[in-house]
file final-v3.pdb (PDB, C-alpha atoms)
ATOM      1  CA  MET A   1     170.401  24.062  77.147
ATOM      2  CA  GLU A   2     167.423  25.867  75.650
ATOM      3  CA  LYS A   3     166.476  29.246  77.040
ATOM      4  CA  ARG A   4     163.493  29.084  79.374
ATOM      5  CA  THR A   5     160.691  31.626  79.322
ATOM      6  CA  LYS A   6     161.048  34.002  82.243
ATOM      7  CA  SER A   7     158.193  34.745  84.600
ATOM      8  CA  GLU A   8     156.805  38.256  84.312
ATOM      9  CA  ASN A   9     156.367  40.982  86.897
ATOM     10  CA  ILE A  10     158.837  39.588  89.428
ATOM     11  CA  VAL A  11     161.643  41.376  91.250
ATOM     12  CA  TRP A  12     164.592  39.846  93.089
ATOM     13  CA  HIS A  13     164.465  40.802  96.788
ATOM     14  CA  GLY A  14     167.840  41.045  98.458
ATOM     15  CA  GLY A  15     168.203  40.430 102.182
ATOM     16  CA  ALA A  16     170.165  41.936 105.048
ATOM     17  CA  VAL A  17     172.099  38.687 105.645
ATOM     18  CA  THR A  18     174.832  37.768 103.166
ATOM     19  CA  TYR A  19     176.374  34.491 102.065
ATOM     20  CA  GLU A  20     179.480  35.492 104.007
ATOM     21  CA  ASP A  21     177.370  36.064 107.131
ATOM     22  CA  ARG A  22     175.910  32.575 106.884
ATOM     23  CA  CYS A  23     179.323  30.989 106.312
ATOM     24  CA  ALA A  24     180.713  32.831 109.330
ATOM     25  CA  LEU A  25     177.826  31.616 111.465
ATOM     26  CA  LEU A  26     178.370  27.998 110.379
ATOM     27  CA  LYS A  27     182.177  28.306 110.367
ATOM     28  CA  GLN A  28     182.370  26.723 106.919
ATOM     29  CA  LYS A  29     182.103  27.638 103.258
ATOM     30  CA  GLY A  30     178.997  26.733 101.305
ATOM     31  CA  LEU A  31     179.926  24.195  98.666
ATOM     32  CA  VAL A  32     178.422  21.898  96.034
ATOM     33  CA  ILE A  33     180.182  18.557  95.618
ATOM     34  CA  TRP A  34     178.688  17.014  92.491
ATOM     35  CA  PHE A  35     179.115  13.256  92.042
ATOM     36  CA  THR A  36     178.637  12.108  88.450
ATOM     37  CA  GLY A  37     179.028   8.651  86.934
ATOM     38  CA  LEU A  38     177.114   5.654  85.674
ATOM     39  CA  SER A  39     174.404   3.945  87.684
ATOM     40  CA  GLY A  40     176.167   1.525  90.003
ATOM     41  CA  SER A  41     179.489   3.350  89.934
ATOM     42  CA  GLY A  42     179.278   4.154  93.651
ATOM     43  CA  LYS A  43     178.132   7.786  93.733
ATOM     44  CA  SER A  44     175.487   7.429  96.422
ATOM     45  CA  THR A  45     177.531   5.034  98.546
ATOM     46  CA  ILE A  46     180.488   7.411  98.653
ATOM     47  CA  ALA A  47     178.269  10.448  99.275
ATOM     48  CA  VAL A  48     176.551   8.715 102.208
ATOM     49  CA  GLU A  49     179.893   7.942 103.870
ATOM     50  CA  LEU A  50     181.249  11.432 103.196
ATOM     51  CA  GLU A  51     178.119  12.980 104.698
ATOM     52  CA  LYS A  52     178.500  10.771 107.760
ATOM     53  CA  GLN A  53     182.157  11.685 108.305
ATOM     54  CA  LEU A  54     181.799  15.418 107.699
ATOM     55  CA  THR A  55     178.770  15.601 109.988
ATOM     56  CA  ALA A  56     180.714  13.789 112.713
ATOM     57  CA  GLU A  57     183.387  16.485 112.326
ATOM     58  CA  GLY A  58     180.840  19.202 113.034
ATOM     59  CA  ARG A  59     180.015  20.270 109.476
ATOM     60  CA  LEU A  60     176.524  21.043 108.225
ATOM     61  CA  VAL A  61     176.052  18.728 105.248
ATOM     62  CA  TYR A  62     173.030  17.784 103.156
ATOM     63  CA  ARG A  63     172.832  15.081 100.518
ATOM     64  CA  LEU A  64     170.684  15.354  97.385
ATOM     65  CA  ASP A  65     170.339  11.922  95.796
ATOM     66  CA  GLY A  66     168.988  11.401  92.286
ATOM     67  CA  ASP A  67     166.526   8.654  93.182
ATOM     68  CA  ASN A  68     165.360  10.424  96.337
ATOM     69  CA  VAL A  69     164.661  13.672  94.504
ATOM     70  CA  ARG A  70     162.610  11.827  91.894
ATOM     71  CA  HIS A  71     160.294  10.686  94.702
ATOM     72  CA  GLY A  72     159.220  14.288  95.234
ATOM     73  CA  LEU A  73     160.502  17.427  93.546
ATOM     74  CA  ASN A  74     161.214  15.711  90.221
ATOM     75  CA  GLY A  75     158.569  13.012  90.432
ATOM     76  CA  ASP A  76     156.835  14.406  87.361
ATOM     77  CA  LEU A  77     159.848  13.805  85.094
ATOM     78  CA  GLY A  78     160.665  10.813  82.931
ATOM     79  CA  PHE A  79     163.961   9.921  81.272
ATOM     80  CA  SER A  80     163.722  11.563  77.870
ATOM     81  CA  ALA A  81     166.564  13.898  76.926
ATOM     82  CA  SER A  82     164.472  16.972  77.740
ATOM     83  CA  ASP A  83     163.311  15.509  81.072
ATOM     84  CA  ARG A  84     166.889  14.629  82.008
ATOM     85  CA  ASP A  85     167.919  18.210  81.306
ATOM     86  CA  GLU A  86     165.059  19.534  83.417
ATOM     87  CA  ASN A  87     165.957  17.068  86.186
ATOM     88  CA  ILE A  88     169.468  18.498  86.364
ATOM     89  CA  ARG A  89     168.324  22.096  85.905
ATOM     90  CA  ARG A  90     166.070  21.864  88.936
ATOM     91  CA  ILE A  91     168.601  20.168  91.169
ATOM     92  CA  ALA A  92     171.336  22.585  90.094
ATOM     93  CA  GLU A  93     169.104  25.452  91.213
ATOM     94  CA  VAL A  94     168.350  23.728  94.530
ATOM     95  CA  ALA A  95     172.007  22.886  95.149
ATOM     96  CA  ALA A  96     172.985  26.505  94.491
ATOM     97  CA  LEU A  97     170.446  27.640  97.101
ATOM     98  CA  PHE A  98     171.833  25.182  99.656
ATOM     99  CA  LYS A  99     175.343  26.408  98.885
ATOM    100  CA  ASP A 100     174.221  30.016  99.347
ATOM    101  CA  ALA A 101     172.850  28.988 102.744
ATOM    102  CA  GLY A 102     176.383  27.902 103.685
ATOM    103  CA  VAL A 103     175.665  24.167 103.509
ATOM    104  CA  ILE A 104     178.092  21.589 102.133
ATOM    105  CA  THR A 105     175.811  20.007  99.554
ATOM    106  CA  LEU A 106     176.480  16.523  98.163
ATOM    107  CA  VAL A 107     174.723  15.912  94.847
ATOM    108  CA  SER A 108     174.585  12.337  93.511
ATOM    109  CA  PHE A 109     173.130  12.429  90.003
ATOM    110  CA  ILE A 110     174.241  10.592  86.873
ATOM    111  CA  ALA A 111     174.009  13.918  85.002
ATOM    112  CA  PRO A 112     175.132  12.298  81.726
ATOM    113  CA  PHE A 113     175.575  15.464  79.664
ATOM    114  CA  ARG A 114     178.498  17.873  80.034
ATOM    115  CA  ARG A 115     176.426  20.951  79.210
ATOM    116  CA  MET A 116     174.139  20.354  82.184
ATOM    117  CA  ARG A 117     177.029  19.754  84.558
ATOM    118  CA  ALA A 118     178.506  23.018  83.260
ATOM    119  CA  PHE A 119     175.163  24.667  84.021
ATOM    120  CA  ALA A 120     175.278  23.309  87.584
ATOM    121  CA  ARG A 121     178.808  24.652  88.005
ATOM    122  CA  GLU A 122     177.735  28.069  86.731
ATOM    123  CA  LYS A 123     174.803  28.219  89.163
ATOM    124  CA  ALA A 124     176.960  27.296  92.171
ATOM    125  CA  GLY A 125     179.867  29.489  91.094
ATOM    126  CA  GLU A 126     183.315  28.350  90.028
ATOM    127  CA  ASN A 127     184.744  28.684  93.542
ATOM    128  CA  GLY A 128     181.900  26.765  95.137
ATOM    129  CA  PHE A 129     181.676  23.685  92.937
ATOM    130  CA  VAL A 130     183.656  20.444  92.986
ATOM    131  CA  GLU A 131     182.980  17.876  90.277
ATOM    132  CA  VAL A 132     183.721  14.304  91.321
ATOM    133  CA  TYR A 133     183.806  11.742  88.541
ATOM    134  CA  VAL A 134     182.993   8.354  90.061
ATOM    135  CA  LYS A 135     184.495   6.166  87.397
ATOM    136  CA  ALA A 136     183.584   2.552  86.678
ATOM    137  CA  ASP A 137     183.113   0.827  83.341
ATOM    138  CA  VAL A 138     179.728  -0.416  82.182
ATOM    139  CA  ASN A 139     180.619  -4.080  82.720
ATOM    140  CA  THR A 140     181.620  -3.472  86.335
ATOM    141  CA  CYS A 141     178.468  -1.458  87.000
ATOM    142  CA  ALA A 142     176.358  -4.166  85.363
ATOM    143  CA  GLU A 143     178.000  -6.812  87.544
ATOM    144  CA  ARG A 144     177.193  -4.797  90.641
ATOM    145  CA  ASP A 145     173.707  -3.832  89.401
ATOM    146  CA  PRO A 146     172.457  -2.946  92.919
ATOM    147  CA  LYS A 147     169.026  -1.916  91.635
ATOM    148  CA  GLY A 148     168.620  -4.603  88.971
ATOM    149  CA  LEU A 149     168.407  -1.905  86.302
ATOM    150  CA  TYR A 150     171.088  -3.168  83.937
ATOM    151  CA  GLN A 151     169.383  -6.529  83.516
ATOM    152  CA  LYS A 152     166.162  -4.738  82.657
ATOM    153  CA  ALA A 153     168.032  -2.493  80.231
ATOM    154  CA  PHE A 154     169.694  -5.473  78.532
ATOM    155  CA  LYS A 155     166.259  -7.063  78.108
ATOM    156  CA  GLY A 156     164.876  -3.872  76.598
ATOM    157  CA  GLU A 157     162.544  -3.277  79.533
ATOM    158  CA  ILE A 158     164.119   0.147  80.191
ATOM    159  CA  SER A 159     164.696   2.513  77.299
ATOM    160  CA  ASP A 160     167.159   5.413  77.272
ATOM    161  CA  PHE A 161     169.314   3.786  79.937
ATOM    162  CA  THR A 162     172.606   5.629  80.416
ATOM    163  CA  GLY A 163     175.611   3.590  79.324
ATOM    164  CA  ILE A 164     173.485   1.080  77.415
ATOM    165  CA  SER A 165     170.972   2.817  75.154
ATOM    166  CA  SER A 166     171.736   6.423  76.062
ATOM    167  CA  PRO A 167     175.160   8.091  76.124
ATOM    168  CA  TYR A 168     177.245   9.184  79.095
ATOM    169  CA  GLU A 169     179.694  12.001  78.448
ATOM    170  CA  GLU A 170     182.724  11.672  80.714
ATOM    171  CA  PRO A 171     183.873  14.886  82.424
ATOM    172  CA  ASN A 172     186.723  16.643  80.671
ATOM    173  CA  GLN A 173     188.351  18.224  83.712
ATOM    174  CA  PRO A 174     186.762  17.078  86.973
ATOM    175  CA  GLU A 175     188.392  18.227  90.180
ATOM    176  CA  ILE A 176     188.471  14.649  91.469
ATOM    177  CA  VAL A 177     188.405  11.245  89.753
ATOM    178  CA  LEU A 178     187.511   8.215  91.870
ATOM    179  CA  ASP A 179     188.052   4.884  90.124
ATOM    180  CA  THR A 180     185.836   2.569  92.143
ATOM    181  CA  THR A 181     187.207  -0.485  90.349
ATOM    182  CA  GLN A 182     190.442   0.298  92.219
ATOM    183  CA  ASN A 183     189.522   2.446  95.236
ATOM    184  CA  SER A 184     187.391   1.416  98.205
ATOM    185  CA  VAL A 185     184.696   3.668  99.668
ATOM    186  CA  GLU A 186     187.045   4.636 102.496
ATOM    187  CA  GLU A 187     189.860   5.495 100.078
ATOM    188  CA  SER A 188     187.475   7.506  97.918
ATOM    189  CA  VAL A 189     186.191   9.543 100.860
ATOM    190  CA  ARG A 190     189.737  10.169 102.027
ATOM    191  CA  LYS A 191     190.701  11.506  98.583
ATOM    192  CA  ILE A 192     187.775  13.928  98.622
ATOM    193  CA  LYS A 193     188.589  15.189 102.117
ATOM    194  CA  GLU A 194     192.255  15.617 101.220
ATOM    195  CA  TYR A 195     191.258  17.678  98.187
ATOM    196  CA  LEU A 196     188.911  19.867 100.215
ATOM    197  CA  GLN A 197     191.589  20.479 102.832
ATOM    198  CA  SER A 198     194.297  21.278 100.266
ATOM    199  CA  ASP A 199     191.975  23.663  98.431
ATOM    200  CA  GLY A 200     191.058  25.608 101.548
ATOM    201  CA  PHE A 201     187.569  24.281 102.189
TER     202      PHE A 201
END
call {"tool": "encode", "arguments": {"input": "final-v3.pdb", "output": "structure tokens"}}
result
Amino acid sequence: MEKRTKSENIVWHGGAVTYEDRCALLKQKGLVIWFTGLSGSGKSTIAVELEKQLTAEGRLVYRLDGDNVRHGLNGDLGFSASDRDENIRRIAEVAALFKDAGVITLVSFIAPFRRMRAFAREKAGENGFVEVYVKADVNTCAERDPKGLYQKAFKGEISDFTGISSPYEEPNQPEIVLDTTQNSVEESVRKIKEYLQSDGF
């Protein structure tokens, strides 16, 4: 990732309330759970169900979805390589702020490049970041095609489409792998919750 020009004449202002204070108030640890995978792999569907279940259990959870964020915060970005990097840079910064607030933050972004997922992990902190690889092959995702995007990509109506005309770099060492060609939504959510419980979250 290229180094960004820093703003001038600014000073970081610390507060009297710490991350630990906020976690104690909420009775939970702030956390970023980052779902990555091809379009149609099931990222958003799993995140929605996980948010529902954790909220029902009394946890403060917020979901940041790739499409939703592009309606507002990232609405000025396209899908070039540089815009994709900026898309992830911004959401990584936002997710880190949510985590610092003590919120369990579910991020559903394709995030096709390893270096940007590494950046997101660095911003959240190694102990506050869980990478979930939602795995499904291109053919399966194209068969599902919930948004009709693959058909457009095959026809050449969408350029730089991840998995077709733009690469997707699989995670090297994700904390969790969910193969949605084999696992149902319920099974996938259960695997995530079991991991969080076993790891002390």
call {"tool": "resolve_selection", "arguments": {"input": "final-v3.pdb", "expression": "the PyMOL selection byres ((chain A and resi 51) around 12)", "output": "mmCIF file with C-alpha atoms, keeping the file's coordinate frame"}}
result
data_model
loop_
_atom_site.group_PDB
_atom_site.id
_atom_site.type_symbol
_atom_site.label_atom_id
_atom_site.label_comp_id
_atom_site.auth_asym_id
_atom_site.auth_seq_id
_atom_site.Cartn_x
_atom_site.Cartn_y
_atom_site.Cartn_z
ATOM 1 C CA ILE A 33 180.182 18.557 95.618
ATOM 2 C CA SER A 44 175.487 7.429 96.422
ATOM 3 C CA THR A 45 177.531 5.034 98.546
ATOM 4 C CA ILE A 46 180.488 7.411 98.653
ATOM 5 C CA ALA A 47 178.269 10.448 99.275
ATOM 6 C CA VAL A 48 176.551 8.715 102.208
ATOM 7 C CA GLU A 49 179.893 7.942 103.870
ATOM 8 C CA LEU A 50 181.249 11.432 103.196
ATOM 9 C CA LYS A 52 178.500 10.771 107.760
ATOM 10 C CA GLN A 53 182.157 11.685 108.305
ATOM 11 C CA LEU A 54 181.799 15.418 107.699
ATOM 12 C CA THR A 55 178.770 15.601 109.988
ATOM 13 C CA ALA A 56 180.714 13.789 112.713
ATOM 14 C CA GLU A 57 183.387 16.485 112.326
ATOM 15 C CA GLY A 58 180.840 19.202 113.034
ATOM 16 C CA ARG A 59 180.015 20.270 109.476
ATOM 17 C CA LEU A 60 176.524 21.043 108.225
ATOM 18 C CA VAL A 61 176.052 18.728 105.248
ATOM 19 C CA TYR A 62 173.030 17.784 103.156
ATOM 20 C CA ARG A 63 172.832 15.081 100.518
ATOM 21 C CA LEU A 64 170.684 15.354 97.385
ATOM 22 C CA ASP A 65 170.339 11.922 95.796
ATOM 23 C CA VAL A 103 175.665 24.167 103.509
ATOM 24 C CA ILE A 104 178.092 21.589 102.133
ATOM 25 C CA THR A 105 175.811 20.007 99.554
ATOM 26 C CA LEU A 106 176.480 16.523 98.163
ATOM 27 C CA VAL A 107 174.723 15.912 94.847
ATOM 28 C CA SER A 108 174.585 12.337 93.511
ATOM 29 C CA VAL A 189 186.191 9.543 100.860
ATOM 30 C CA ILE A 192 187.775 13.928 98.622
ATOM 31 C CA LYS A 193 188.589 15.189 102.117
#
call {"tool": "residues_around", "arguments": {"input": "final-v3.pdb", "residues": "Asp85 of chain A", "least_positions_apart": "3", "cutoff": "10 Å", "atoms": "all atoms listed in the file", "output": "ChimeraX atom specification"}}
result
/A:1-2,77,79-82,88-90,111-113,115-117
call {"tool": "closest_residue", "arguments": {"input": "final-v3.pdb", "among": "A:Gln197, A:Gln151, A:Asn183, A:Glu131", "to": "Trp34 of chain A", "atoms": "only C-alpha atoms"}}
result
A:Glu131
call {"tool": "atom_distance", "arguments": {"input": "final-v3.pdb", "atom1": "atom CA of Gly15 of chain A", "atom2": "atom CA of Val130 of chain A"}}
result
26.9 Å
call {"tool": "residues_around", "arguments": {"input": "final-v3.pdb", "residues": "Glu170 of chain A", "least_positions_apart": "5", "cutoff": "8 Å", "atoms": "only C-alpha atoms", "output": "MDAnalysis selection string"}}
result
chainID A and resid 37 112 114 133
call {"tool": "residues_around", "arguments": {"input": "final-v3.pdb", "residues": "Ala136 of chain A", "least_positions_apart": "4", "cutoff": "7 Å", "atoms": "only C-alpha atoms", "output": "MDAnalysis selection string"}}
result
chainID A and resid 41 140:141 179:181
call {"tool": "write_last_selection", "arguments": {"input": "final-v3.pdb", "atoms": "C-alpha atoms", "output": "compact mmCIF listing (two decimals), in the frame of the given file"}}
result
# COMPACT_ATOMS: atom_id res chain seq x y z
CA SER A 41 179.49 3.35 89.93
CA THR A 140 181.62 -3.47 86.34
CA CYS A 141 178.47 -1.46 87.00
CA ASP A 179 188.05 4.88 90.12
CA THR A 180 185.84 2.57 92.14
CA THR A 181 187.21 -0.48 90.35
call {"tool": "atom_distance", "arguments": {"input": "final-v3.pdb", "atom1": "atom CA of Gly40 of chain A", "atom2": "atom CA of Tyr150 of chain A"}}
result
9.2 Å
call {"tool": "atom_distance", "arguments": {"input": "final-v3.pdb", "atom1": "atom CA of Phe161 of chain A", "atom2": "atom CA of Pro146 of chain A"}}
result
15.0 Å
call {"tool": "resolve_selection", "arguments": {"input": "final-v3.pdb", "expression": "the PyMOL selection byres ((chain A and resi 73-75) around 9)", "output": "list of chain:residue names"}}
result
A:Asn68, A:Val69, A:Arg70, A:His71, A:Gly72, A:Asp76, A:Leu77, A:Gly78, A:Glu86, A:Asn87, A:Arg90, A:Ile91
